[in-house]
$ cat work-v2.cif   # mmCIF, C-alpha atoms, pLDDT in the B column; chains and numbers go by the auth columns
data_coords
loop_
_atom_site.group_PDB
_atom_site.id
_atom_site.type_symbol
_atom_site.label_atom_id
_atom_site.label_comp_id
_atom_site.label_asym_id
_atom_site.label_seq_id
_atom_site.Cartn_x
_atom_site.Cartn_y
_atom_site.Cartn_z
_atom_site.B_iso_or_equiv
_atom_site.auth_seq_id
_atom_site.auth_asym_id
ATOM 1 C CA MET A 1 0.000 0.000 0.000 86.00 1 T
ATOM 2 C CA ILE A 2 1.298 3.434 -0.891 91.00 2 T
ATOM 3 C CA LYS A 3 1.167 6.249 1.657 91.00 3 T
ATOM 4 C CA PHE A 4 2.035 9.913 1.398 92.00 4 T
ATOM 5 C CA SER A 5 4.011 11.983 3.868 91.00 5 T
ATOM 6 C CA GLU A 6 5.422 15.499 3.661 91.00 6 T
ATOM 7 C CA ASN A 7 8.737 14.017 2.496 91.00 7 T
ATOM 8 C CA GLY A 8 7.260 11.962 -0.351 94.00 8 T
ATOM 9 C CA PHE A 9 5.603 8.665 -1.114 94.00 9 T
ATOM 10 C CA TYR A 10 6.482 5.395 0.579 92.00 10 T
ATOM 11 C CA SER A 11 5.439 1.748 0.633 90.00 11 T
ATOM 12 C CA THR A 12 4.064 0.194 3.797 89.00 12 T
ATOM 13 C CA PHE A 13 6.414 -2.750 3.141 88.00 13 T
ATOM 14 C CA GLU A 14 9.432 -0.440 3.526 91.00 14 T
ATOM 15 C CA PRO A 15 8.379 2.896 5.078 91.00 15 T
ATOM 16 C CA GLU A 16 11.933 4.191 5.519 93.00 16 T
ATOM 17 C CA ARG A 17 12.463 4.420 1.748 93.00 17 T
ATOM 18 C CA LEU A 18 10.885 7.569 0.300 94.00 18 T
ATOM 19 C CA PHE A 19 10.099 8.327 -3.337 94.00 19 T
ATOM 20 C CA LYS A 20 9.466 11.619 -5.056 94.00 20 T
ATOM 21 C CA TYR A 21 6.833 10.147 -7.401 94.00 21 T
ATOM 22 C CA GLU A 22 3.913 7.918 -6.522 93.00 22 T
ATOM 23 C CA ARG A 23 4.628 5.752 -9.591 95.00 23 T
ATOM 24 C CA ASP A 24 8.094 4.905 -8.275 95.00 24 T
ATOM 25 C CA ALA A 25 6.658 3.992 -4.882 93.00 25 T
ATOM 26 C CA LYS A 26 4.054 1.740 -6.553 95.00 26 T
ATOM 27 C CA ASN A 27 6.739 -0.025 -8.579 95.00 27 T
ATOM 28 C CA HIS A 28 8.838 -0.563 -5.461 94.00 28 T
ATOM 29 C CA ASP A 29 5.771 -1.813 -3.583 93.00 29 T
ATOM 30 C CA MET A 30 5.020 -4.310 -6.362 93.00 30 T
ATOM 31 C CA THR A 31 8.629 -5.521 -6.400 93.00 31 T
ATOM 32 C CA LEU A 32 8.586 -6.083 -2.643 91.00 32 T
ATOM 33 C CA SER A 33 5.236 -7.869 -2.712 88.00 33 T
ATOM 34 C CA LEU A 34 6.415 -10.186 -5.515 88.00 34 T
ATOM 35 C CA LYS A 35 9.605 -10.989 -3.599 89.00 35 T
ATOM 36 C CA ASP A 36 7.540 -11.726 -0.499 85.00 36 T
ATOM 37 C CA GLU A 37 5.211 -13.961 -2.521 82.00 37 T
ATOM 38 C CA GLU A 38 8.196 -15.819 -3.987 83.00 38 T
ATOM 39 C CA LEU A 39 9.783 -16.403 -0.595 84.00 39 T
ATOM 40 C CA ASN A 40 6.519 -17.310 1.163 80.00 40 T
ATOM 41 C CA PRO A 41 4.137 -18.993 -1.269 77.00 41 T
ATOM 42 C CA GLN A 42 0.534 -19.015 -0.188 73.00 42 T
ATOM 43 C CA ARG A 43 -0.697 -22.275 1.114 73.00 43 T
ATOM 44 C CA ASP A 44 -4.060 -23.735 0.274 74.00 44 T
ATOM 45 C CA SER A 45 -6.534 -22.539 2.905 77.00 45 T
ATOM 46 C CA ARG A 46 -9.185 -25.198 2.250 83.00 46 T
ATOM 47 C CA ARG A 47 -10.185 -27.587 5.005 90.00 47 T
ATOM 48 C CA LEU A 48 -9.325 -31.269 4.807 90.00 48 T
ATOM 49 C CA ASP A 49 -12.885 -32.377 4.047 90.00 49 T
ATOM 50 C CA GLU A 50 -13.032 -29.904 1.147 91.00 50 T
ATOM 51 C CA MET A 51 -9.765 -31.290 -0.219 89.00 51 T
ATOM 52 C CA ILE A 52 -11.040 -34.877 0.076 88.00 52 T
ATOM 53 C CA THR A 53 -14.271 -33.969 -1.709 89.00 53 T
ATOM 54 C CA LEU A 54 -12.312 -32.279 -4.470 89.00 54 T
ATOM 55 C CA TRP A 55 -9.953 -35.256 -4.810 88.00 55 T
ATOM 56 C CA TYR A 56 -12.858 -37.703 -5.129 87.00 56 T
ATOM 57 C CA ARG A 57 -14.560 -35.415 -7.628 88.00 57 T
ATOM 58 C CA LEU A 58 -11.425 -35.504 -9.771 87.00 58 T
ATOM 59 C CA HIS A 59 -10.433 -39.160 -9.293 83.00 59 T
ATOM 60 C CA GLY A 60 -13.535 -40.978 -8.047 79.00 60 T
ATOM 61 C CA LYS A 61 -14.794 -42.084 -11.446 73.00 61 T
ATOM 62 C CA ALA A 62 -11.522 -43.836 -12.218 72.00 62 T
ATOM 63 C CA LEU A 63 -11.665 -45.578 -8.837 70.00 63 T
ATOM 64 C CA ARG A 64 -15.251 -46.758 -9.441 66.00 64 T
ATOM 65 C CA GLU A 65 -14.364 -48.005 -12.911 68.00 65 T
ATOM 66 C CA SER A 66 -11.332 -49.935 -11.706 65.00 66 T
ATOM 67 C CA HIS A 67 -13.393 -51.431 -8.891 61.00 67 T
ATOM 68 C CA SER A 68 -16.094 -52.608 -11.323 63.00 68 T
ATOM 69 C CA ILE A 69 -13.445 -54.040 -13.667 63.00 69 T
ATOM 70 C CA GLU A 70 -11.970 -56.019 -10.757 63.00 70 T
ATOM 71 C CA LYS A 71 -15.415 -57.377 -9.843 64.00 71 T
ATOM 72 C CA THR A 72 -16.160 -58.508 -13.397 65.00 72 T
ATOM 73 C CA SER A 73 -12.740 -60.103 -13.800 64.00 73 T
ATOM 74 C CA LEU A 74 -13.132 -61.989 -10.511 61.00 74 T
ATOM 75 C CA SER A 75 -16.603 -63.243 -11.437 64.00 75 T
ATOM 76 C CA ASN A 76 -15.279 -64.546 -14.757 61.00 76 T
ATOM 77 C CA VAL A 77 -12.744 -66.811 -13.015 57.00 77 T
#
$ encode --input "work-v2.cif" --output "structure tokens"
Amino acid sequence: MIKFSENGFYSTFEPERLFKYERDAKNHDMTLSLKDEELNPQRDSRRLDEMITLWYRLHGKALRESHSIEKTSLSNV
């Protein structure tokens, strides 16, 4: 976030560094936020039950199909 003081513009990430132009402060702010994002990637904030539901939605059909194939192959023996 960019703030203004009587000495110039500054980023809340690094308030001790002042810029004459707001554009320069925005660029510096973006650079710092991208570096922070690179060093600390966001983790998935979903709960475990949501992740399990999503996993089964993506992979459940293949599991059901393989289970039915196993049943038919066992009954043919």
$ residues_around --input "work-v2.cif" --residues "T:Gly8" --least-positions-apart "5" --cutoff "10 Å" --atoms "only C-alpha atoms" --output "ChimeraX atom specification"
/T:3,17-22,25
$ residues_around --input "work-v2.cif" --residues "T:Asp29" --least-positions-apart "5" --cutoff "12 Å" --atoms "all atoms listed in the file" --output "PyMOL selection string"
chain T and resi 1-3+9-15+17-19+22-24+34-36
$ atom_distance --input "work-v2.cif" --atom1 "atom CA of T:Arg46" --atom2 "atom CA of T:His59"
18.2 Å
$ atom_distance --input "work-v2.cif" --atom1 "atom CA of T:Ser5" --atom2 "atom CA of T:Lys26"
14.6 Å
$ atom_distance --input "work-v2.cif" --atom1 "atom CA of T:Leu39" --atom2 "atom CA of T:Leu58"
30.0 Å
$ axis_aligned_box --input "work-v2.cif" --around "stretch 22-37 of chain T" --padding-each-side "8 Å" --output "JSON"
{"center_x": 6.8, "center_y": -3.0, "center_z": -5.0, "size_x": 21.7, "size_y": 37.9, "size_z": 25.1}
